[in-house]
$ cat start-v7.cif   # mmCIF, C-alpha atoms
data_protein
#
loop_
_atom_site.label_atom_id
_atom_site.label_comp_id
_atom_site.auth_asym_id
_atom_site.auth_seq_id
_atom_site.Cartn_x
_atom_site.Cartn_y
_atom_site.Cartn_z
CA MET R 25 0.00 0.00 0.00
CA MET R 26 1.14 3.52 -0.73
CA HIS R 27 1.48 5.61 2.42
CA TYR R 28 0.54 9.29 2.42
CA SER R 29 1.81 11.88 4.83
CA THR R 30 -0.57 14.68 5.82
CA ASP R 31 2.29 16.97 6.89
CA HIS R 32 1.89 19.08 3.74
CA LEU R 33 -1.67 18.95 2.42
CA PRO R 34 -2.24 20.39 -1.05
CA MET R 35 -5.00 22.68 -2.19
CA PRO R 36 -8.17 20.57 -2.11
CA THR R 37 -9.11 20.28 -5.79
CA MET R 38 -5.58 19.84 -7.03
CA ILE R 39 -5.40 16.08 -6.47
CA GLN R 40 -8.88 14.88 -7.33
CA ASN R 41 -7.64 13.15 -10.48
CA LEU R 42 -4.34 11.86 -9.14
CA ASP R 43 -3.48 8.73 -11.11
CA HIS R 44 -1.70 5.99 -9.14
CA GLU R 45 -1.48 3.32 -11.81
CA ASN R 46 2.33 3.72 -11.72
CA PHE R 47 2.78 2.11 -8.31
CA PHE R 48 5.30 3.81 -6.03
CA PRO R 49 6.49 1.64 -3.10
CA GLY R 50 7.63 4.41 -0.72
CA ARG R 51 5.98 7.24 1.15
CA CYS R 52 4.07 9.88 -0.76
CA ILE R 53 3.96 13.46 0.54
CA LEU R 54 1.52 16.02 -0.82
CA ILE R 55 3.00 19.54 -0.86
CA ASN R 56 0.79 22.60 -0.52
CA GLY R 57 3.07 24.77 -2.63
CA PRO R 58 6.23 24.28 -4.68
CA VAL R 59 9.06 21.81 -4.34
CA ILE R 60 12.43 23.51 -4.73
CA VAL R 61 15.29 21.22 -5.75
CA GLY R 62 18.58 22.56 -4.41
CA ALA R 63 19.50 24.46 -1.23
CA GLY R 64 22.20 26.66 -2.70
CA PRO R 65 21.93 30.46 -2.83
CA SER R 66 19.35 30.27 -5.64
CA GLY R 67 17.03 27.89 -3.81
CA LEU R 68 17.33 29.88 -0.59
CA ALA R 69 16.48 33.10 -2.45
CA VAL R 70 13.26 31.60 -3.87
CA GLY R 71 12.40 30.25 -0.42
CA ALA R 72 12.85 33.68 1.15
CA GLY R 73 10.52 35.25 -1.40
CA LEU R 74 7.87 32.61 -0.83
CA LYS R 75 8.13 33.01 2.94
CA GLN R 76 7.41 36.71 2.65
CA GLN R 77 4.20 35.91 0.76
CA GLY R 78 3.06 33.15 3.08
CA VAL R 79 3.44 30.40 0.48
CA PRO R 80 4.45 27.00 1.93
CA PHE R 81 7.22 25.07 0.18
CA VAL R 82 9.76 22.29 0.59
CA ILE R 83 13.43 22.50 -0.39
CA LEU R 84 15.09 19.17 -1.23
CA GLU R 85 18.88 19.01 -0.95
CA ARG R 86 20.97 15.90 -1.68
CA ALA R 87 23.80 17.02 0.64
CA ASN R 88 23.64 17.46 4.42
CA CYS R 89 23.98 21.26 4.43
CA ILE R 90 22.98 24.39 2.58
CA ALA R 91 25.19 25.58 -0.28
CA PRO R 92 27.20 22.32 -0.46
CA LEU R 93 29.29 23.52 -3.41
CA TRP R 94 30.53 26.42 -1.25
CA GLN R 95 30.77 24.37 1.92
CA ASN R 96 32.53 21.30 0.59
CA HIS R 97 33.98 21.95 -2.85
CA THR R 98 35.81 25.28 -2.80
CA TYR R 99 39.40 26.12 -1.94
CA ASP R 100 40.33 27.90 1.27
CA ARG R 101 41.60 31.15 -0.28
CA LEU R 102 38.45 31.74 -2.32
CA LYS R 103 36.84 35.15 -2.18
CA LEU R 104 33.85 36.47 -4.09
CA HIS R 105 35.09 37.72 -7.46
CA LEU R 106 32.59 40.58 -7.54
CA PRO R 107 31.82 43.30 -4.99
CA LYS R 108 29.39 42.23 -2.30
CA GLN R 109 26.54 44.43 -3.55
CA PHE R 110 26.37 42.24 -6.68
CA CYS R 111 26.37 39.00 -4.68
CA GLN R 112 23.84 39.54 -1.90
CA LEU R 113 20.52 37.72 -2.03
CA PRO R 114 17.11 39.43 -2.10
CA TYR R 115 15.63 41.12 0.97
CA PHE R 116 18.77 40.66 3.14
CA PRO R 117 21.98 42.65 2.48
CA PHE R 118 25.47 41.72 3.63
CA PRO R 119 26.53 43.07 7.03
CA ASP R 120 28.10 46.52 6.83
CA ASN R 121 31.34 45.26 8.38
CA PHE R 122 31.95 42.73 5.58
CA PRO R 123 34.77 43.68 3.18
CA GLU R 124 34.15 44.60 -0.46
CA TYR R 125 35.07 41.04 -1.50
CA PRO R 126 33.88 38.65 1.25
CA THR R 127 35.81 35.45 1.87
CA LYS R 128 34.33 32.03 1.35
CA TYR R 129 33.75 31.69 5.09
CA GLN R 130 32.08 35.09 5.38
CA PHE R 131 29.79 34.21 2.50
CA LEU R 132 28.85 30.94 4.18
CA ASP R 133 28.10 32.79 7.43
CA TYR R 134 25.89 35.12 5.42
CA LEU R 135 23.98 32.21 3.85
CA GLU R 136 23.45 30.58 7.26
CA SER R 137 22.12 33.90 8.60
CA TYR R 138 19.91 34.20 5.53
CA ALA R 139 18.34 30.78 6.15
CA ARG R 140 17.80 31.55 9.84
CA ASN R 141 16.34 34.99 9.13
CA PHE R 142 13.66 33.57 6.84
CA ASP R 143 13.25 30.33 8.82
CA ILE R 144 14.21 28.17 5.83
CA ASN R 145 14.72 24.53 6.76
CA PRO R 146 15.60 22.32 3.78
CA GLN R 147 15.08 18.58 3.75
CA PHE R 148 18.71 17.40 3.66
CA ASN R 149 20.05 14.09 2.34
CA GLU R 150 17.20 13.88 -0.17
CA ASN R 151 18.64 12.88 -3.54
CA VAL R 152 16.15 13.54 -6.33
CA GLN R 153 16.01 10.59 -8.71
CA SER R 154 13.35 11.87 -11.07
CA ALA R 155 10.80 14.62 -11.54
CA THR R 156 7.92 13.98 -13.92
CA TYR R 157 4.87 16.03 -14.79
CA ASP R 158 1.69 13.96 -14.54
CA GLU R 159 -0.64 15.38 -17.18
CA THR R 160 -3.58 13.36 -15.87
CA CYS R 161 -3.70 15.20 -12.57
CA GLY R 162 -1.71 18.30 -13.50
CA LEU R 163 0.90 17.78 -10.80
CA TRP R 164 4.63 17.13 -10.54
CA ARG R 165 5.86 13.86 -9.07
CA VAL R 166 9.32 14.17 -7.55
CA LYS R 167 10.90 10.91 -6.44
CA THR R 168 13.81 10.92 -4.00
CA ILE R 169 16.00 8.49 -2.11
CA GLY R 170 16.81 9.69 1.38
CA SER R 171 19.85 8.83 3.47
CA THR R 172 21.26 9.54 6.90
CA ASP R 173 24.49 11.46 7.52
CA ASN R 174 26.15 8.05 7.91
CA GLY R 175 25.04 7.00 4.44
CA PHE R 176 22.27 4.59 5.46
CA SER R 177 19.18 4.66 3.28
CA ARG R 178 15.99 6.20 4.64
CA GLY R 179 13.98 4.82 1.76
CA GLU R 180 12.12 6.33 -1.16
CA VAL R 181 9.76 9.27 -1.01
CA GLU R 182 7.54 10.78 -3.69
CA TYR R 183 6.65 14.45 -3.35
CA ILE R 184 3.58 15.58 -5.27
CA CYS R 185 3.31 19.29 -5.98
CA ARG R 186 1.73 21.93 -8.14
CA TRP R 187 4.99 23.76 -8.91
CA LEU R 188 8.57 22.59 -9.37
CA VAL R 189 11.51 24.98 -8.99
CA VAL R 190 14.82 23.71 -10.38
CA ALA R 191 17.54 25.39 -8.30
CA THR R 192 20.44 22.97 -8.78
CA GLY R 193 22.27 25.54 -10.91
CA GLU R 194 24.94 25.49 -13.58
CA ASN R 195 27.63 23.95 -11.35
CA ALA R 196 26.01 20.82 -9.95
CA GLU R 197 28.55 18.27 -11.23
CA LYS R 198 32.28 18.41 -11.92
CA VAL R 199 33.51 18.04 -15.48
CA VAL R 200 36.34 15.50 -15.80
CA PRO R 201 37.68 15.19 -19.37
CA GLU R 202 39.45 12.07 -20.56
CA PHE R 203 43.18 12.18 -21.32
CA GLU R 204 45.22 9.48 -22.98
CA GLY R 205 47.45 7.68 -20.50
CA LEU R 206 46.11 9.40 -17.39
CA GLU R 207 45.50 6.06 -15.68
CA GLU R 208 49.22 5.29 -16.13
CA PHE R 209 50.40 8.60 -14.68
CA GLY R 210 50.80 7.29 -11.14
CA GLY R 211 50.70 10.64 -9.35
CA GLN R 212 47.85 12.36 -7.56
CA VAL R 213 44.98 13.52 -9.80
CA MET R 214 42.09 15.57 -8.42
CA HIS R 215 39.39 17.93 -9.60
CA VAL R 216 39.60 21.48 -8.31
CA CYS R 217 36.40 20.86 -6.34
CA ASP R 218 38.49 18.72 -3.96
CA TYR R 219 41.40 21.16 -3.72
CA LYS R 220 41.70 23.08 -0.45
CA SER R 221 45.22 24.50 -0.18
CA GLY R 222 48.68 24.31 -1.72
CA GLU R 223 50.19 23.37 1.65
CA THR R 224 50.64 19.70 0.71
CA TYR R 225 52.25 20.58 -2.64
CA ARG R 226 55.35 22.38 -1.38
CA GLY R 227 58.29 21.77 -3.69
CA LYS R 228 56.20 19.65 -6.08
CA SER R 229 55.57 20.17 -9.78
CA VAL R 230 51.84 20.49 -10.37
CA LEU R 231 50.00 20.57 -13.68
CA VAL R 232 46.86 22.73 -13.44
CA VAL R 233 44.53 21.93 -16.34
CA GLY R 234 42.40 24.98 -17.07
CA CYS R 235 42.90 28.74 -17.11
CA GLY R 236 39.63 30.16 -15.83
CA ASN R 237 39.26 31.91 -12.51
CA SER R 238 39.70 28.64 -10.61
CA GLY R 239 42.77 27.58 -12.61
CA MET R 240 44.38 30.99 -12.17
CA GLU R 241 43.67 31.17 -8.43
CA VAL R 242 44.80 27.62 -7.72
CA SER R 243 48.03 28.28 -9.63
CA LEU R 244 48.52 31.46 -7.59
CA ASP R 245 47.83 29.59 -4.35
CA LEU R 246 50.36 26.92 -5.31
CA CYS R 247 52.96 29.66 -5.82
CA HIS R 248 52.23 31.06 -2.39
CA HIS R 249 53.00 27.61 -0.95
CA ASN R 250 56.27 27.25 -2.90
CA ALA R 251 54.96 24.67 -5.34
CA ILE R 252 55.88 24.73 -9.05
CA PRO R 253 52.69 25.09 -11.12
CA SER R 254 52.33 24.74 -14.88
CA MET R 255 48.96 25.91 -16.20
CA VAL R 256 47.45 24.37 -19.32
CA VAL R 257 45.89 26.97 -21.64
CA ARG R 258 44.25 25.12 -24.51
CA SER R 259 42.16 27.95 -25.89
CA SER R 260 41.78 31.71 -25.71
CA VAL R 261 40.90 33.54 -22.50
CA HIS R 262 39.98 37.07 -21.47
CA VAL R 263 41.91 38.43 -18.50
CA LEU R 264 40.73 41.69 -16.96
CA PRO R 265 41.96 43.58 -13.88
CA ARG R 266 39.61 43.04 -10.96
CA GLU R 267 39.72 46.79 -10.28
CA ILE R 268 40.46 49.89 -12.32
CA LEU R 269 41.65 52.93 -10.37
CA GLY R 270 40.31 51.38 -7.19
CA LYS R 271 36.83 50.63 -8.56
CA SER R 272 35.44 47.23 -9.50
CA THR R 273 35.80 46.48 -13.21
CA PHE R 274 32.43 44.74 -13.10
CA ASP R 275 30.81 47.77 -11.49
CA ILE R 276 32.28 50.00 -14.19
CA ALA R 277 31.02 47.66 -16.92
CA VAL R 278 27.49 47.63 -15.46
CA SER R 279 27.47 51.44 -15.38
CA MET R 280 28.73 51.72 -18.95
CA MET R 281 26.13 49.26 -20.26
CA LYS R 282 23.45 51.73 -19.23
CA LEU R 283 24.96 54.25 -21.63
CA PHE R 284 26.58 52.29 -24.46
CA PRO R 285 25.96 49.15 -26.55
CA LEU R 286 27.62 46.00 -25.29
CA TRP R 287 30.20 45.93 -28.09
CA VAL R 288 31.31 49.45 -27.21
CA VAL R 289 31.71 48.50 -23.55
CA ASP R 290 33.76 45.46 -24.61
CA LYS R 291 36.11 47.63 -26.64
CA ILE R 292 36.58 50.05 -23.73
CA LEU R 293 37.25 47.19 -21.29
CA LEU R 294 39.84 45.61 -23.59
CA ALA R 295 41.56 48.95 -24.18
CA VAL R 296 41.79 49.59 -20.44
CA ALA R 297 42.96 46.01 -19.81
CA ARG R 298 45.74 46.48 -22.35
CA VAL R 299 46.92 49.63 -20.54
CA VAL R 300 46.69 48.10 -17.05
CA LEU R 301 47.87 44.54 -17.77
CA GLY R 302 49.95 45.00 -20.90
CA ASN R 303 50.08 42.57 -23.80
CA ILE R 304 49.16 39.23 -22.21
CA GLU R 305 49.40 37.31 -25.48
CA LYS R 306 53.19 37.23 -25.29
CA TYR R 307 52.79 35.05 -22.19
CA GLY R 308 50.66 32.48 -24.02
CA LEU R 309 47.27 33.97 -23.09
CA LYS R 310 45.53 34.61 -26.39
CA ARG R 311 42.37 36.73 -26.27
CA PRO R 312 39.15 35.45 -27.93
CA SER R 313 37.78 37.22 -30.99
CA LYS R 314 34.55 38.03 -29.12
CA GLY R 315 34.63 40.64 -26.38
CA PRO R 316 34.44 39.52 -22.71
CA LEU R 317 30.82 40.56 -22.15
CA GLN R 318 29.62 39.22 -25.49
CA LEU R 319 31.37 35.91 -24.81
CA LYS R 320 29.79 35.72 -21.38
CA ASN R 321 26.33 36.37 -22.80
CA THR R 322 26.55 33.96 -25.73
CA GLU R 323 28.65 31.10 -24.34
CA GLY R 324 28.62 31.58 -20.59
CA LYS R 325 32.41 31.92 -20.41
CA THR R 326 33.38 34.23 -17.57
CA PRO R 327 36.44 36.46 -18.04
CA VAL R 328 39.25 35.99 -15.55
CA LEU R 329 39.45 38.80 -13.01
CA ASP R 330 43.13 38.94 -12.14
CA ILE R 331 44.09 39.07 -8.47
CA GLY R 332 47.81 38.40 -8.86
CA ALA R 333 48.27 35.35 -11.07
CA LEU R 334 49.34 37.43 -14.07
CA GLN R 335 52.31 38.83 -12.15
CA LYS R 336 53.40 35.27 -11.35
CA ILE R 337 53.05 34.37 -15.03
CA ARG R 338 55.26 37.32 -16.01
CA SER R 339 57.90 36.29 -13.49
CA GLY R 340 57.83 32.67 -14.67
CA GLU R 341 56.62 31.31 -11.33
CA ILE R 342 53.51 30.09 -13.15
CA LYS R 343 54.43 28.45 -16.44
CA VAL R 344 51.82 28.65 -19.21
CA VAL R 345 51.79 25.53 -21.41
CA PRO R 346 49.65 24.41 -24.39
CA GLY R 347 47.24 21.48 -24.55
CA ILE R 348 47.90 17.93 -23.41
CA LYS R 349 48.73 15.12 -25.83
CA ARG R 350 49.17 12.21 -23.42
CA PHE R 351 50.28 11.24 -19.94
CA SER R 352 52.86 8.64 -18.99
CA PRO R 353 54.31 7.61 -15.60
CA GLY R 354 55.35 10.83 -13.85
CA ARG R 355 55.23 12.85 -17.08
CA VAL R 356 52.97 14.68 -19.50
CA GLU R 357 53.57 15.27 -23.20
CA LEU R 358 52.13 18.50 -24.58
CA VAL R 359 50.78 19.12 -28.07
CA ASN R 360 53.94 21.08 -28.97
CA GLY R 361 56.10 18.02 -28.24
CA GLU R 362 57.41 19.31 -24.90
CA ASN R 363 57.60 16.84 -22.00
CA LEU R 364 57.18 17.85 -18.36
CA GLU R 365 58.00 15.88 -15.25
CA ILE R 366 55.13 16.40 -12.81
CA ASN R 367 54.04 15.07 -9.43
CA SER R 368 50.36 15.95 -9.42
CA VAL R 369 47.49 17.04 -11.66
CA ILE R 370 44.67 19.41 -10.67
CA LEU R 371 41.75 19.53 -13.09
CA ALA R 372 40.30 23.05 -13.12
CA THR R 373 37.98 21.93 -15.89
CA GLY R 374 34.74 23.36 -14.59
CA TYR R 375 31.27 22.15 -13.78
CA CYS R 376 28.00 21.39 -15.53
CA SER R 377 24.30 21.10 -14.83
CA ASN R 378 22.88 17.73 -13.75
CA VAL R 379 19.28 18.54 -14.69
CA PRO R 380 19.08 16.08 -17.64
CA SER R 381 19.83 13.18 -15.29
CA TRP R 382 16.65 13.61 -13.25
CA LEU R 383 14.18 16.05 -14.85
CA LYS R 384 11.98 14.19 -17.33
CA GLU R 385 11.15 17.19 -19.50
CA ASN R 386 12.24 18.04 -23.03
CA ASP R 387 10.83 21.46 -23.85
CA PHE R 388 12.37 23.92 -21.40
CA PHE R 389 15.95 22.70 -20.88
CA CYS R 390 18.62 21.97 -23.48
CA ARG R 391 20.58 18.74 -23.44
CA ASN R 392 23.33 20.47 -21.45
CA GLY R 393 20.88 21.22 -18.66
CA ILE R 394 20.58 24.96 -19.32
CA PRO R 395 17.24 26.63 -20.16
CA LYS R 396 16.73 27.08 -23.89
CA PHE R 397 15.79 30.72 -23.43
CA SER R 398 18.51 33.07 -22.25
CA PHE R 399 18.25 35.67 -19.53
CA PRO R 400 15.87 37.34 -18.75
CA ASN R 401 13.45 34.77 -20.23
CA GLY R 402 14.83 31.51 -18.86
CA TRP R 403 13.08 31.43 -15.49
CA LYS R 404 9.62 30.08 -16.34
CA GLY R 405 8.52 27.05 -18.31
CA LYS R 406 5.17 25.32 -18.74
CA ALA R 407 3.03 23.41 -16.26
CA GLY R 408 4.41 25.10 -13.16
CA LEU R 409 8.09 24.53 -13.97
CA TYR R 410 10.64 27.20 -12.98
CA ALA R 411 14.43 27.52 -13.12
CA VAL R 412 16.73 29.69 -11.00
CA GLY R 413 20.51 29.93 -11.00
CA PHE R 414 20.99 29.30 -14.72
CA THR R 415 21.39 32.88 -15.94
CA ARG R 416 25.19 32.75 -16.44
CA ARG R 417 25.14 36.10 -14.63
CA GLY R 418 26.15 34.96 -11.18
CA LEU R 419 24.28 35.65 -7.99
CA SER R 420 22.82 38.93 -9.21
CA GLY R 421 21.11 37.20 -12.15
CA ALA R 422 19.92 34.36 -9.90
CA SER R 423 18.44 36.86 -7.43
CA LEU R 424 16.44 38.60 -10.15
CA ASP R 425 14.99 35.29 -11.32
CA ALA R 426 14.27 34.21 -7.72
CA ILE R 427 12.17 37.33 -7.14
CA LYS R 428 10.20 36.72 -10.35
CA ILE R 429 9.56 33.08 -9.46
CA ALA R 430 8.44 33.79 -5.89
CA ASN R 431 6.12 36.58 -7.06
CA ASP R 432 4.63 34.45 -9.84
CA ILE R 433 3.95 31.44 -7.63
CA GLY R 434 2.70 33.69 -4.83
CA ARG R 435 0.19 35.39 -7.10
CA ILE R 436 -1.20 32.10 -8.44
CA TRP R 437 -1.22 30.45 -5.01
CA LYS R 438 -3.19 33.28 -3.42
CA GLU R 439 -5.71 33.39 -6.27
CA GLU R 440 -6.30 29.64 -6.31
CA THR R 441 -6.41 29.33 -2.54
CA LYS R 442 -8.98 32.09 -2.24
CA HIS R 443 -11.11 30.62 -5.01
CA LYS R 444 -10.99 26.97 -3.98
CA GLN R 445 -10.55 26.92 -0.23
CA HIS R 446 -14.24 26.16 0.34
CA SER R 447 -14.82 23.78 -2.58
CA VAL R 448 -13.68 20.54 -0.95
CA THR R 449 -13.00 19.78 2.69
CA VAL R 450 -9.50 18.69 3.62
CA GLY R 451 -10.76 15.50 5.16
CA GLY R 452 -12.69 14.52 2.06
CA CYS R 453 -9.66 15.14 -0.12
CA HIS R 454 -7.44 12.95 2.03
CA ARG R 455 -9.93 10.08 2.04
CA ARG R 456 -10.10 10.19 -1.76
CA CYS R 457 -6.32 9.96 -2.01
CA LYS R 458 -6.28 6.89 0.21
CA SER R 459 -8.98 5.22 -1.81
CA HIS R 460 -6.66 5.13 -4.83
CA CYS R 461 -3.84 3.30 -3.00
#
$ encode --input "start-v7.cif" --output "structure tokens"
Amino acid sequence: MMHYSTDHLPMPTMIQNLDHENFFPGRCILINGPVIVGAGPSGLAVGAGLKQQGVPFVILERANCIAPLWQNHTYDRLKLHLPKQFCQLPYFPFPDNFPEYPTKYQFLDYLESYARNFDINPQFNENVQSATYDETCGLWRVKTIGSTDNGFSRGEVEYICRWLVVATGENAEKVVPEFEGLEEFGGQVMHVCDYKSGETYRGKSVLVVGCGNSGMEVSLDLCHHNAIPSMVVRSSVHVLPREILGKSTFDIAVSMMKLFPLWVVDKILLAVARVVLGNIEKYGLKRPSKGPLQLKNTEGKTPVLDIGALQKIRSGEIKVVPGIKRFSPGRVELVNGENLEINSVILATGYCSNVPSWLKENDFFCRNGIPKFSFPNGWKGKAGLYAVGFTRRGLSGASLDAIKIANDIGRIWKEETKHKQHSVTVGGCHRRCKSHC
């Protein structure tokens, strides 16, 4: 028999036609409001907006904490790349005593305070296996497998809801490319998500694969710990100063975009970068043909905001090398024929969305797990489906979408609740559900 929990009763008429012919062996919980998948900053922001409108919801998080990417998969020296005013979540600013660029630990403290302030309590250790829209009853069916902090299974649960908010974001899973001979290398190989500090790499030769913000910062951190990093730069990359004359480059770009077309702003940024940073191409850092803002908008590639790595590249402390041909025991051969003796490999090869692995929907998301419609139109799909944290515009873009989603659901929820609250008694609804088991 299917077991129903009455902890979260739905609006009365929403489940009259619930079809149970696809038998589900675990518990089934009816949610009076949306299910939010993901307890990162995006999911918390939607939750805060719903709280302010009195809309009940459930946040499902596969990890045992909020913001697990920040908690468990970031390096110790990480700071926010943008000024704090562009990274705060809706309705709750950063404390005044926080620096312009908060540290990882300050940001985590802020997120914990955010959750407490809005009384947001996610359901942790709930790994979503699938989410399917049931056209017969007009509801979403979200199946999870729960576990304890010790890894023991708590069984399967199916959440049934009117709205589904996908808040797992663009960086849910690490990207690990395949390299010929890597299994024969013999040294330590890790993704940057598992890197914490260069302390254990002192005196060692480390190959950092990737030249984005993570690759640059990890290479810089390795230098600070007297390691010997070589950074693989396979393609072109934009490097901009984090600040220009003491003001955030990002802040300046945002201001200029209010006055000029994007391509004009790109040209100004590149001209200023050339003056401040010099000709970076002579160090093996070739600039893309598209400008930094255009590239970010069209392909989601974030420009590197330099915080000191470029100086180490100029001095030779960080060696820039071309792409990898193959690995062999203790060595790597590059595409230019050069061979390097190395002790370890750190893959700063980025992250990707995991939405295609669990969301059974083909119209709203692309195969890469990103909404088909770009910002500002990628937040709402059909049948009560929403997406937050996929704007490729960082926390500021996610916050804008979170506000839209909370307001949209809140409006519908209030209208439907007011209209239908007297149509069917709660007790009658629950008895009908049980009769279908």
$ closest_residue --input "start-v7.cif" --among "R:Val288, R:Val190, R:Ala297, R:Leu246" --to "Pro395 (chain R)" --atoms "all atoms listed in the file"
R:Val190
$ atom_distance --input "start-v7.cif" --atom1 "CA of Tyr375 (chain R)" --atom2 "CA of Ser260 (chain R)"
18.6 Å
$ resolve_selection --input "start-v7.cif" --expression "the PyMOL selection byres ((chain R and resi 71) around 12)" --output "PyMOL selection string"
chain R and resi 57-70+72-84+113-115+138-146+189+191+412+423+426-427+429-431+433-434
$ write_last_selection --input "start-v7.cif" --atoms "C-alpha atoms" --output "PDB file, keeping the file's coordinate frame"
ATOM      1  CA  GLY R  57       3.070  24.770  -2.630  1.00  0.00           C
ATOM      2  CA  PRO R  58       6.230  24.280  -4.680  1.00  0.00           C
ATOM      3  CA  VAL R  59       9.060  21.810  -4.340  1.00  0.00           C
ATOM      4  CA  ILE R  60      12.430  23.510  -4.730  1.00  0.00           C
ATOM      5  CA  VAL R  61      15.290  21.220  -5.750  1.00  0.00           C
ATOM      6  CA  GLY R  62      18.580  22.560  -4.410  1.00  0.00           C
ATOM      7  CA  ALA R  63      19.500  24.460  -1.230  1.00  0.00           C
ATOM      8  CA  GLY R  64      22.200  26.660  -2.700  1.00  0.00           C
ATOM      9  CA  PRO R  65      21.930  30.460  -2.830  1.00  0.00           C
ATOM     10  CA  SER R  66      19.350  30.270  -5.640  1.00  0.00           C
ATOM     11  CA  GLY R  67      17.030  27.890  -3.810  1.00  0.00           C
ATOM     12  CA  LEU R  68      17.330  29.880  -0.590  1.00  0.00           C
ATOM     13  CA  ALA R  69      16.480  33.100  -2.450  1.00  0.00           C
ATOM     14  CA  VAL R  70      13.260  31.600  -3.870  1.00  0.00           C
ATOM     15  CA  ALA R  72      12.850  33.680   1.150  1.00  0.00           C
ATOM     16  CA  GLY R  73      10.520  35.250  -1.400  1.00  0.00           C
ATOM     17  CA  LEU R  74       7.870  32.610  -0.830  1.00  0.00           C
ATOM     18  CA  LYS R  75       8.130  33.010   2.940  1.00  0.00           C
ATOM     19  CA  GLN R  76       7.410  36.710   2.650  1.00  0.00           C
ATOM     20  CA  GLN R  77       4.200  35.910   0.760  1.00  0.00           C
ATOM     21  CA  GLY R  78       3.060  33.150   3.080  1.00  0.00           C
ATOM     22  CA  VAL R  79       3.440  30.400   0.480  1.00  0.00           C
ATOM     23  CA  PRO R  80       4.450  27.000   1.930  1.00  0.00           C
ATOM     24  CA  PHE R  81       7.220  25.070   0.180  1.00  0.00           C
ATOM     25  CA  VAL R  82       9.760  22.290   0.590  1.00  0.00           C
ATOM     26  CA  ILE R  83      13.430  22.500  -0.390  1.00  0.00           C
ATOM     27  CA  LEU R  84      15.090  19.170  -1.230  1.00  0.00           C
ATOM     28  CA  LEU R 113      20.520  37.720  -2.030  1.00  0.00           C
ATOM     29  CA  PRO R 114      17.110  39.430  -2.100  1.00  0.00           C
ATOM     30  CA  TYR R 115      15.630  41.120   0.970  1.00  0.00           C
ATOM     31  CA  TYR R 138      19.910  34.200   5.530  1.00  0.00           C
ATOM     32  CA  ALA R 139      18.340  30.780   6.150  1.00  0.00           C
ATOM     33  CA  ARG R 140      17.800  31.550   9.840  1.00  0.00           C
ATOM     34  CA  ASN R 141      16.340  34.990   9.130  1.00  0.00           C
ATOM     35  CA  PHE R 142      13.660  33.570   6.840  1.00  0.00           C
ATOM     36  CA  ASP R 143      13.250  30.330   8.820  1.00  0.00           C
ATOM     37  CA  ILE R 144      14.210  28.170   5.830  1.00  0.00           C
ATOM     38  CA  ASN R 145      14.720  24.530   6.760  1.00  0.00           C
ATOM     39  CA  PRO R 146      15.600  22.320   3.780  1.00  0.00           C
ATOM     40  CA  VAL R 189      11.510  24.980  -8.990  1.00  0.00           C
ATOM     41  CA  ALA R 191      17.540  25.390  -8.300  1.00  0.00           C
ATOM     42  CA  VAL R 412      16.730  29.690 -11.000  1.00  0.00           C
ATOM     43  CA  SER R 423      18.440  36.860  -7.430  1.00  0.00           C
ATOM     44  CA  ALA R 426      14.270  34.210  -7.720  1.00  0.00           C
ATOM     45  CA  ILE R 427      12.170  37.330  -7.140  1.00  0.00           C
ATOM     46  CA  ILE R 429       9.560  33.080  -9.460  1.00  0.00           C
ATOM     47  CA  ALA R 430       8.440  33.790  -5.890  1.00  0.00           C
ATOM     48  CA  ASN R 431       6.120  36.580  -7.060  1.00  0.00           C
ATOM     49  CA  ILE R 433       3.950  31.440  -7.630  1.00  0.00           C
ATOM     50  CA  GLY R 434       2.700  33.690  -4.830  1.00  0.00           C
TER      51      GLY R 434
END
$ atom_distance --input "start-v7.cif" --atom1 "CA of Gly222 (chain R)" --atom2 "CA of Phe131 (chain R)"
21.7 Å
$ residues_around --input "start-v7.cif" --residues "Tyr125 (chain R)" --least-positions-apart "5" --cutoff "7 Å" --atoms "all atoms listed in the file" --output "list of chain:residue names"
R:Lys103, R:Leu104, R:His105, R:Leu106, R:Pro107, R:Lys108
$ write_last_selection --input "start-v7.cif" --atoms "C-alpha atoms" --output "PDB file, in the frame of the given file"
ATOM      1  CA  LYS R 103      36.840  35.150  -2.180  1.00  0.00           C
ATOM      2  CA  LEU R 104      33.850  36.470  -4.090  1.00  0.00           C
ATOM      3  CA  HIS R 105      35.090  37.720  -7.460  1.00  0.00           C
ATOM      4  CA  LEU R 106      32.590  40.580  -7.540  1.00  0.00           C
ATOM      5  CA  PRO R 107      31.820  43.300  -4.990  1.00  0.00           C
ATOM      6  CA  LYS R 108      29.390  42.230  -2.300  1.00  0.00           C
TER       7      LYS R 108
END
$ residues_near_point --input "start-v7.cif" --point "(31.2, 23.3, -8.2)" --cutoff "8 Å" --atoms "only C-alpha atoms" --output "list in words"
Leu93, Trp94, His97, Thr98, Asn195, Ala196, Glu197, Lys198, Cys217, Gly374 and Tyr375 of chain R
$ write_last_selection --input "start-v7.cif" --atoms "C-alpha atoms" --output "PDB file, in the frame of the given file"
ATOM      1  CA  LEU R  93      29.290  23.520  -3.410  1.00  0.00           C
ATOM      2  CA  TRP R  94      30.530  26.420  -1.250  1.00  0.00           C
ATOM      3  CA  HIS R  97      33.980  21.950  -2.850  1.00  0.00           C
ATOM      4  CA  THR R  98      35.810  25.280  -2.800  1.00  0.00           C
ATOM      5  CA  ASN R 195      27.630  23.950 -11.350  1.00  0.00           C
ATOM      6  CA  ALA R 196      26.010  20.820  -9.950  1.00  0.00           C
ATOM      7  CA  GLU R 197      28.550  18.270 -11.230  1.00  0.00           C
ATOM      8  CA  LYS R 198      32.280  18.410 -11.920  1.00  0.00           C
ATOM      9  CA  CYS R 217      36.400  20.860  -6.340  1.00  0.00           C
ATOM     10  CA  GLY R 374      34.740  23.360 -14.590  1.00  0.00           C
ATOM     11  CA  TYR R 375      31.270  22.150 -13.780  1.00  0.00           C
TER      12      TYR R 375
END
